[in-house]
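Chemist: Structure supplied as target.txt; contents: compact mmCIF, C-alpha atoms.
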```txt
# COMPACT_ATOMS: atom_id res chain seq x y z
CA MET A 1 59.40 2.92 30.61
CA VAL A 2 62.11 2.87 27.97
CA GLU A 3 62.28 -0.90 28.32
CA ILE A 4 58.61 -1.19 27.44
CA LEU A 5 58.92 1.11 24.45
CA THR A 6 61.80 -0.87 23.00
CA SER A 7 60.44 -4.31 23.79
CA PRO A 8 58.99 -6.00 20.72
CA GLN A 9 56.69 -8.06 22.95
CA ALA A 10 54.98 -4.96 24.32
CA TRP A 11 54.35 -3.68 20.82
CA LEU A 12 53.04 -7.09 19.78
CA GLY A 13 50.58 -7.05 22.70
CA ALA A 14 49.45 -3.52 21.87
CA GLY A 15 49.08 -4.46 18.21
CA LEU A 16 46.96 -7.47 19.14
CA ILE A 17 44.68 -5.30 21.28
CA PHE A 18 44.41 -2.81 18.44
CA VAL A 19 43.37 -5.51 15.95
CA LEU A 20 40.90 -7.06 18.42
CA ARG A 21 39.20 -3.74 18.98
CA VAL A 22 39.03 -2.88 15.28
CA VAL A 23 37.34 -6.23 14.57
CA GLU A 24 35.04 -5.84 17.56
CA MET A 25 33.83 -2.36 16.59
CA SER A 26 33.27 -3.44 12.99
CA LEU A 27 31.16 -6.36 14.23
CA ASP A 28 29.30 -3.91 16.48
CA THR A 29 28.37 -1.72 13.50
CA ILE A 30 26.99 -4.63 11.51
CA ARG A 31 25.21 -5.96 14.60
CA VAL A 32 23.37 -2.66 15.13
CA LEU A 33 22.38 -2.66 11.45
CA MET A 34 21.01 -6.20 11.82
CA VAL A 35 19.10 -5.28 14.99
CA ILE A 36 17.45 -2.39 13.14
CA ARG A 37 16.60 -4.74 10.27
CA ASN A 38 15.18 -7.27 12.74
CA ARG A 39 17.54 -10.05 11.61
CA LYS A 40 17.59 -11.89 14.93
CA GLY A 41 19.79 -14.86 14.02
CA ILE A 42 22.65 -12.85 12.57
CA ALA A 43 22.34 -10.28 15.37
CA TRP A 44 22.77 -13.05 17.96
CA VAL A 45 25.88 -14.50 16.30
CA LEU A 46 27.49 -11.07 15.87
CA GLY A 47 26.59 -10.07 19.44
CA PHE A 48 28.14 -13.27 20.76
CA PHE A 49 31.46 -12.79 18.99
CA GLN A 50 31.57 -9.09 19.76
CA ALA A 51 31.08 -9.68 23.51
CA ALA A 52 33.70 -12.44 23.51
CA LEU A 53 36.24 -10.23 21.74
CA PHE A 54 35.48 -7.37 24.13
CA VAL A 55 36.10 -9.45 27.24
CA PHE A 56 39.30 -10.76 25.73
CA ALA A 57 40.58 -7.27 24.79
CA ILE A 58 39.67 -5.58 28.07
CA GLY A 59 41.09 -8.47 30.10
CA PHE A 60 44.31 -8.25 28.15
CA VAL A 61 44.65 -4.50 28.58
CA LEU A 62 43.74 -4.53 32.30
CA SER A 63 46.23 -7.30 33.00
CA ASP A 64 49.07 -4.87 32.39
CA LEU A 65 48.06 -1.24 32.71
CA SER A 66 51.60 -0.14 33.48
CA ASN A 67 52.15 -0.57 29.77
CA PRO A 68 51.04 2.68 28.12
CA ILE A 69 51.25 1.37 24.55
CA ARG A 70 48.54 -1.14 25.39
CA ILE A 71 46.25 1.67 26.48
CA LEU A 72 47.08 3.53 23.28
CA GLY A 73 46.42 0.37 21.26
CA TYR A 74 43.10 -0.11 22.98
CA ALA A 75 41.92 3.47 22.38
CA ALA A 76 43.30 3.68 18.85
CA GLY A 77 41.66 0.34 18.03
CA PHE A 78 38.33 1.60 19.29
CA ALA A 79 38.64 4.82 17.27
CA THR A 80 39.78 3.09 14.08
CA GLY A 81 37.11 0.40 14.46
CA THR A 82 34.48 3.12 14.72
CA VAL A 83 35.62 4.67 11.45
CA VAL A 84 35.87 1.24 9.77
CA GLY A 85 32.31 0.57 10.92
CA MET A 86 31.18 3.86 9.37
CA ILE A 87 32.79 2.90 6.07
CA ILE A 88 31.19 -0.57 6.15
CA GLU A 89 27.81 1.01 6.86
CA GLU A 90 28.21 3.42 3.94
CA ARG A 91 29.23 0.62 1.59
CA LEU A 92 26.30 -1.59 2.58
CA ALA A 93 23.92 1.40 2.29
CA ILE A 94 20.93 -0.57 3.51
CA GLY A 95 17.58 1.18 3.63
CA HIS A 96 15.43 3.67 1.81
CA ILE A 97 15.59 7.43 1.48
CA GLN A 98 12.96 9.93 0.50
CA ILE A 99 14.35 12.67 -1.69
CA ASN A 100 12.46 15.92 -1.97
CA ILE A 101 13.37 18.13 -4.90
CA VAL A 102 12.05 21.65 -5.34
CA SER A 103 12.66 23.07 -8.79
CA SER A 104 11.46 26.50 -9.81
CA ALA A 105 11.56 26.09 -13.59
CA PHE A 106 12.73 22.62 -14.60
CA GLY A 107 10.43 20.37 -12.57
CA ALA A 108 8.88 18.63 -15.57
CA ALA A 109 12.27 18.12 -17.25
CA VAL A 110 13.79 16.63 -14.08
CA ALA A 111 10.78 14.32 -13.68
CA LYS A 112 11.04 13.15 -17.30
CA GLU A 113 14.75 12.43 -17.04
CA MET A 114 14.38 10.61 -13.71
CA ARG A 115 11.62 8.43 -15.12
CA ALA A 116 13.72 7.68 -18.19
CA GLU A 117 16.44 6.49 -15.79
CA GLY A 118 13.95 4.19 -14.10
CA TYR A 119 13.07 6.03 -10.90
CA ALA A 120 9.50 6.50 -9.72
CA LEU A 121 8.48 9.93 -8.56
CA THR A 122 5.46 12.06 -7.79
CA GLU A 123 5.12 15.63 -9.07
CA ILE A 124 3.35 18.15 -6.86
CA PRO A 125 2.59 21.68 -8.02
CA ALA A 126 3.47 24.11 -5.26
CA ARG A 127 4.09 27.78 -4.64
CA GLY A 128 7.37 29.30 -3.57
CA LYS A 129 8.27 32.88 -2.71
CA ASP A 130 8.59 33.93 -6.36
CA GLY A 131 5.75 31.98 -7.94
CA MET A 132 4.92 28.42 -8.90
CA VAL A 133 7.47 25.65 -8.39
CA THR A 134 7.39 21.89 -8.75
CA MET A 135 8.00 19.64 -5.81
CA LEU A 136 9.19 16.16 -6.71
CA SER A 137 8.84 13.42 -4.15
CA CYS A 138 10.98 10.40 -4.86
CA SER A 139 11.69 7.38 -2.66
CA VAL A 140 14.79 5.40 -3.60
CA ARG A 141 17.13 2.79 -2.22
CA ARG A 142 19.90 4.40 -0.22
CA LYS A 143 22.60 3.22 -2.58
CA ASN A 144 20.95 5.18 -5.42
CA VAL A 145 20.86 8.54 -3.65
CA TYR A 146 24.10 9.79 -5.16
CA LYS A 147 23.00 8.88 -8.70
CA VAL A 148 19.69 10.68 -8.24
CA ARG A 149 21.52 13.77 -7.05
CA GLN A 150 23.69 13.69 -10.16
CA ILE A 151 20.68 13.41 -12.49
CA VAL A 152 18.92 16.32 -10.78
CA ASN A 153 22.02 18.48 -10.84
CA ARG A 154 22.55 17.79 -14.53
CA ILE A 155 19.07 19.06 -15.45
CA ASP A 156 18.60 21.78 -12.84
CA PRO A 157 21.73 22.88 -10.99
CA ASN A 158 19.60 25.21 -8.85
CA ALA A 159 17.16 22.62 -7.51
CA PHE A 160 16.78 22.37 -3.76
CA ILE A 161 17.28 18.81 -2.57
CA THR A 162 16.73 17.23 0.84
CA ALA A 163 16.90 13.60 1.90
CA GLU A 164 15.29 11.79 4.86
CA ASP A 165 15.35 8.21 6.09
CA ILE A 166 12.08 6.39 5.53
CA GLN A 167 10.62 2.97 6.19
CA PRO A 168 8.85 1.61 3.12
CA VAL A 169 5.36 0.64 4.23
CA ARG A 170 3.73 -0.87 1.25
CA ARG A 171 4.22 -1.36 -2.46
CA GLY A 172 5.66 1.41 -4.57
CA PHE A 173 8.27 1.02 -7.21
CA TYR A 174 11.94 0.97 -6.34
CA ARG A 175 14.61 0.87 -8.98
CA ALA A 176 16.91 -2.06 -8.23
CA MET B 1 47.17 10.24 48.76
CA LEU B 2 43.60 10.94 47.79
CA ASN B 3 40.98 10.56 50.44
CA ILE B 4 37.79 8.66 49.75
CA LEU B 5 35.70 11.70 48.88
CA GLN B 6 38.25 13.15 46.45
CA PHE B 7 38.56 9.76 44.84
CA ALA B 8 34.79 9.48 44.40
CA LEU B 9 34.58 12.98 42.96
CA LEU B 10 37.37 12.25 40.53
CA ILE B 11 35.64 9.12 39.25
CA PHE B 12 32.38 11.01 38.92
CA ALA B 13 34.04 13.87 37.00
CA LEU B 14 35.93 11.53 34.69
CA ARG B 15 32.73 9.66 34.00
CA LEU B 16 31.05 12.94 32.99
CA VAL B 17 33.88 13.60 30.54
CA ASP B 18 33.64 10.03 29.25
CA LEU B 19 29.90 10.19 28.57
CA SER B 20 30.01 13.69 27.08
CA LEU B 21 32.66 12.48 24.68
CA ALA B 22 30.48 9.47 23.93
CA SER B 23 27.58 11.66 22.80
CA LEU B 24 29.86 13.85 20.71
CA ARG B 25 31.26 10.70 19.16
CA LEU B 26 27.79 9.44 18.30
CA LEU B 27 26.90 12.81 16.83
CA MET B 28 29.93 12.69 14.56
CA ILE B 29 29.14 9.11 13.54
CA THR B 30 25.57 9.96 12.54
CA ARG B 31 26.86 13.00 10.65
CA GLY B 32 29.45 10.90 8.84
CA ARG B 33 32.39 12.98 10.15
CA LYS B 34 35.10 10.32 10.20
CA ALA B 35 38.10 12.29 11.44
CA LEU B 36 36.26 13.84 14.38
CA ALA B 37 34.62 10.48 15.15
CA TRP B 38 38.11 8.98 15.38
CA ILE B 39 39.43 11.65 17.73
CA PHE B 40 36.42 11.56 20.08
CA SER B 41 36.44 7.74 20.10
CA PHE B 42 40.15 7.68 20.92
CA VAL B 43 39.97 10.10 23.85
CA LYS B 44 36.75 8.55 25.14
CA SER B 45 38.24 5.08 25.16
CA ALA B 46 41.42 6.21 26.93
CA VAL B 47 39.46 8.09 29.60
CA TYR B 48 37.26 5.04 30.09
CA LEU B 49 40.24 2.78 30.68
CA ILE B 50 41.59 5.15 33.32
CA ILE B 51 38.22 5.15 35.11
CA LEU B 52 37.87 1.39 34.88
CA GLN B 53 41.31 0.87 36.35
CA MET B 54 40.53 3.17 39.29
CA VAL B 55 37.15 1.58 39.91
CA LEU B 56 38.40 -1.99 39.75
CA LYS B 57 41.08 -1.17 42.32
CA SER B 58 38.46 -0.26 44.91
CA ILE B 59 35.52 -2.32 43.77
CA ASP B 60 34.95 -3.47 47.39
CA ASP B 61 33.88 0.03 48.38
CA PRO B 62 30.15 0.46 47.63
CA LEU B 63 30.69 4.22 47.24
CA THR B 64 32.83 3.52 44.17
CA ILE B 65 30.03 1.60 42.51
CA VAL B 66 27.46 4.29 43.33
CA VAL B 67 29.70 7.05 41.99
CA TYR B 68 30.50 5.07 38.86
CA ALA B 69 26.81 4.52 38.14
CA ALA B 70 25.81 8.08 39.08
CA GLY B 71 28.53 9.40 36.79
CA PHE B 72 27.21 7.28 33.94
CA ALA B 73 23.62 8.46 34.43
CA THR B 74 24.53 12.14 34.87
CA GLY B 75 26.98 12.04 31.98
CA MET B 76 24.32 10.59 29.72
CA VAL B 77 21.88 13.39 30.52
CA LEU B 78 24.66 15.96 30.15
CA GLY B 79 25.41 14.45 26.74
CA MET B 80 21.77 14.88 25.74
CA TYR B 81 21.96 18.58 26.68
CA LEU B 82 25.19 18.98 24.75
CA GLU B 83 23.67 17.35 21.71
CA GLU B 84 20.63 19.65 21.86
CA ARG B 85 22.86 22.69 22.20
CA ILE B 86 25.03 21.79 19.26
CA ALA B 87 21.99 20.74 17.18
CA LEU B 88 23.73 20.22 13.87
CA GLY B 89 21.74 19.69 10.72
CA TYR B 90 18.27 20.49 9.49
CA THR B 91 14.68 19.68 10.34
CA HIS B 92 11.91 19.17 7.83
CA LEU B 93 8.68 20.74 9.05
CA ARG B 94 5.34 19.93 7.48
CA ILE B 95 2.57 22.25 8.56
CA ILE B 96 -1.07 21.73 7.61
CA SER B 97 -3.15 24.81 8.17
CA PRO B 98 -6.89 24.65 7.43
CA LYS B 99 -7.55 28.41 7.31
CA ARG B 100 -4.53 30.61 7.70
CA GLY B 101 -2.03 28.95 5.37
CA ALA B 102 -1.39 31.95 3.14
CA GLU B 103 -0.96 34.36 6.05
CA LEU B 104 1.28 31.92 7.86
CA THR B 105 3.45 31.51 4.76
CA GLU B 106 3.81 35.24 4.43
CA LEU B 107 4.74 35.65 8.07
CA LEU B 108 7.30 32.85 7.93
CA ARG B 109 8.85 34.39 4.82
CA GLU B 110 8.97 37.77 6.54
CA GLU B 111 10.79 36.10 9.41
CA GLY B 112 13.30 34.86 6.87
CA TYR B 113 12.36 31.20 6.47
CA ALA B 114 11.89 29.53 3.08
CA VAL B 115 8.48 27.92 2.62
CA THR B 116 6.90 25.93 -0.20
CA GLU B 117 3.09 26.02 -0.25
CA ILE B 118 1.06 23.11 -1.54
CA ALA B 119 -2.70 23.40 -1.96
CA SER B 120 -4.31 20.22 -0.59
CA GLN B 121 -7.62 18.72 0.28
CA GLY B 122 -8.56 17.98 3.88
CA LYS B 123 -11.70 16.42 5.36
CA ASP B 124 -13.52 19.75 5.50
CA GLY B 125 -12.25 21.37 2.34
CA MET B 126 -9.08 22.92 1.05
CA VAL B 127 -6.12 23.23 3.37
CA THR B 128 -2.59 24.46 2.83
CA LEU B 129 0.39 22.25 3.33
CA LEU B 130 3.52 24.22 4.13
CA ASP B 131 6.80 22.52 3.52
CA CYS B 132 9.64 24.17 5.36
CA ASN B 133 13.23 23.13 6.05
CA VAL B 134 14.91 24.92 8.94
CA ARG B 135 18.13 24.64 10.88
CA ARG B 136 17.67 22.26 13.79
CA ARG B 137 18.67 24.97 16.22
CA LYS B 138 15.70 27.05 15.03
CA THR B 139 13.11 24.25 15.13
CA GLY B 140 11.67 25.03 18.56
CA GLU B 141 11.42 28.72 17.80
CA VAL B 142 9.58 28.13 14.50
CA ILE B 143 7.15 25.63 16.04
CA ARG B 144 6.32 28.03 18.86
CA PHE B 145 5.83 30.85 16.37
CA ILE B 146 3.43 28.76 14.25
CA SER B 147 1.48 27.37 17.21
CA LYS B 148 0.95 30.88 18.55
CA PHE B 149 -0.22 32.31 15.25
CA ASP B 150 -2.35 29.36 14.16
CA PRO B 151 -3.21 27.03 17.04
CA GLU B 152 -5.29 24.91 14.64
CA SER B 153 -2.33 23.95 12.49
CA PHE B 154 -0.99 20.41 12.43
CA ILE B 155 2.80 20.21 12.57
CA THR B 156 5.16 17.28 12.08
CA SER B 157 8.92 17.34 12.04
CA SER B 158 11.52 14.90 10.83
CA ALA B 159 15.29 14.87 10.65
CA VAL B 160 16.85 15.75 7.34
CA ARG B 161 19.76 13.57 6.37
CA THR B 162 21.36 15.87 3.82
CA ALA B 163 20.38 19.09 2.18
CA GLN B 164 21.72 20.69 -0.92
CA ARG B 165 21.43 24.37 -1.69
CA GLY B 166 18.24 26.09 -0.73
CA PHE B 167 17.89 28.95 1.63
CA PHE B 168 18.31 28.61 5.37
CA ARG B 169 17.95 31.36 7.86
CA LYS B 170 21.11 31.68 9.94
```
In structure tokens, write the structure found in this file.
Modeler:
Amino acid sequence: MVEILTSPQAWLGAGLIFVLRVVEMSLDTIRVLMVIRNRKGIAWVLGFFQAALFVFAIGFVLSDLSNPIRILGYAAGFATGTVVGMIIEERLAIGHIQINIVSSAFGAAVAKEMRAEGYALTEIPARGKDGMVTMLSCSVRRKNVYKVRQIVNRIDPNAFITAEDIQPVRRGFYRA
Amino acid sequence: MLNILQFALLIFALRLVDLSLASLRLLMITRGRKALAWIFSFVKSAVYLIILQMVLKSIDDPLTIVVYAAGFATGMVLGMYLEERIALGYTHLRIISPKRGAELTELLREEGYAVTEIASQGKDGMVTLLDCNVRRRKTGEVIRFISKFDPESFITSSAVRTAQRGFFRK
């Protein structure tokens, strides 16, 4: 046991497994994104390399299970790769989001400011518990969600905001 | 030394743990909770390796394969239950009521839910569109309540990605 923990070779093996798994899980994240986007060619290539890396990593770890650092490397690599994949996914921010804003008093002002910033939105008069409100329906690219939130909060810090994933069906105007 | 039955049970139980962790992991990933996603992924992967090692040692025994597969299937269903129970997040409900929109709104507000009413046009005249965001855990309850009060109403639900402010009944 102590021999393993002090042997540089064991640590090298565990480190290799860790790196393999981080790369594999990152590829997996992008692959799933491509499958959702129906990009068959890229999905195939990513799937191929991911499967190859997986077989390599699991073979390596199973070849010497008496070595606990390898198991740790394998699990830690999987966990870290998952988080790396999440970060990649956030950075890529592919897709569209529908933002619903309910503003009790500043609906028109929010709409004006959003349009000035280049976003398209639809105003809907609606009724809330304490009288008339404005509902703003706004579909944007996912990477713009944070900016939209900032604009809305600047004009009406009390607005109620929700966001849902949508699939754009046809036309419409999306700010680049 | 473990006998065959104990061995099979152990694999089955570990597989349940593995799959339950897998659903929790997925839940954390979709919610963007990185630290918890890391922890669940780590434990899940380690448990999986232990199972795999045990299974590969006795791969000749058909019982091992059956138990491994049964554990996977049961664990997956168990994970679905777990996910439903935890039910993090919010649901967006859109209710179209041809006749009883105003009453329904009032009742929902009395029950403590926040509703936005939108007057709309349907095929046979004016209808009310009720826009209501509720906690996911409450979704079933609200839908049952609405269906009972106004069986004519049309209800759709969708998952809310993020919500800011607003009023949600506990």
Chemist: So how many Å separate CA of Glu84 (chain B) and CA of Ile87 (chain A), to one decimal?
Modeler: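 About the pair CA of Glu84 (chain B) and CA of Ile87 (chain A): they are 26.0 Å apart.
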Chemist: Compile the residues of chain A that lie within 8 Å of chain B, evaluated using only C-alpha atoms, and express the compilation as a list in words.
Modeler: Leu62, Leu65, Ile71, Leu72, Tyr74, Ala75, Ala76, Phe78, Ala79, Thr80, Thr82, Val83, Met86, Ile124, Pro125, Ala126, Arg127, Gly128, Lys129, Asn158, Ala159, Phe160, Ile161, Thr162, Ala163, Glu164 and Asp165 of chain A
Chemist: What would the list of residues within 12 Å of (26.4, 21.1, 26.5) (file frame) look like as an MDAnalysis selection string, if all atoms listed in the file are what count?
Modeler: chainID B and resid 16:17 19:21 23:24 75:87
Chemist: One decimal, in Å: what's the spacing between CA of Ile146 (chain B) and CA of Arg100 (chain B)?
Modeler: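 Straight-line distance from CA of Ile146 (chain B) to CA of Arg100 (chain B) works out to 10.5 Å.
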Chemist: So that I can check the surroundings of Leu16 (chain A), please list as a compact mmCIF listing (two decimals) with C-alpha atoms, keeping the file's coordinate frame every protein, DNA and RNA residue that reaches within 12 Å of it, counting all atoms listed in the file and ignoring chain neighbours fewer than 6 positions away.
Modeler:
```
# COMPACT_ATOMS: atom_id res chain seq x y z
CA GLN A 9 56.69 -8.06 22.95
CA ALA A 10 54.98 -4.96 24.32
CA VAL A 22 39.03 -2.88 15.28
CA VAL A 23 37.34 -6.23 14.57
CA LEU A 53 36.24 -10.23 21.74
CA PHE A 56 39.30 -10.76 25.73
CA ALA A 57 40.58 -7.27 24.79
CA ILE A 58 39.67 -5.58 28.07
CA PHE A 60 44.31 -8.25 28.15
CA VAL A 61 44.65 -4.50 28.58
CA ILE A 69 51.25 1.37 24.55
CA ARG A 70 48.54 -1.14 25.39
CA ILE A 71 46.25 1.67 26.48
CA LEU A 72 47.08 3.53 23.28
CA GLY A 73 46.42 0.37 21.26
CA TYR A 74 43.10 -0.11 22.98
CA ALA A 76 43.30 3.68 18.85
CA GLY A 77 41.66 0.34 18.03
```
Chemist: So which residues are close to (9.5, 17.4, -14.5), meaning at most 10 Å away in the file's coordinates with all atoms listed in the file counted, and can you show them as a VMD selection string?
Modeler: chain A and resid 103 105 to 115 121 to 124 134 to 136 155
Chemist: To one decimal place, how far is CA of Ile95 (chain B) from CA of Ser153 (chain B) in Å?
Modeler: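 Interatomic distance here is 6.5 Å.
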Chemist: If we count all atoms listed in the file and set the cut-off at 10 Å, which residues sit around Asp150 (chain B), ignoring sequence neighbours fewer than 5 positions away in its own chain? Please answer as a list in words.
Modeler: Ser97, Pro98, Lys99, Arg100, Gly101, Glu103, Leu104, Arg144 and Phe145 of chain B
Chemist: Store the residues of this selection in a file with C-alpha atoms, as a compact mmCIF listing (two decimals), in the coordinates of the input.
Modeler:
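Output (out_22.txt):
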```txt
# COMPACT_ATOMS: atom_id res chain seq x y z
CA SER B 97 -3.15 24.81 8.17
CA PRO B 98 -6.89 24.65 7.43
CA LYS B 99 -7.55 28.41 7.31
CA ARG B 100 -4.53 30.61 7.70
CA GLY B 101 -2.03 28.95 5.37
CA GLU B 103 -0.96 34.36 6.05
CA LEU B 104 1.28 31.92 7.86
CA ARG B 144 6.32 28.03 18.86
CA PHE B 145 5.83 30.85 16.37
```
Chemist: As lines of an AutoDock Vina configuration file, what would the box around region 26-41 of chain A look like: edges along x, y and z, 4 Å added on every side, centre and edge lengths in Å to one decimal?
Modeler:
```
center_x = 24.2
center_y = -8.3
center_z = 13.4
size_x = 26.1
size_y = 21.1
size_z = 14.2
```
Chemist: Just checking: using all atoms listed in the file, which residue out of A:Asp28, A:Asp130, A:Leu20, A:Gly41 ends up closest to Gly59 (chain A)?
Modeler: A:Leu20
Chemist: Find the residue from B:Ile143, B:Cys132, B:Ile4, B:Ile51 that sits nearest to Arg94 (chain B); use only C-alpha atoms when measuring.
Modeler: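 Closest to Arg94 (chain B) of all the choices is B:Cys132.
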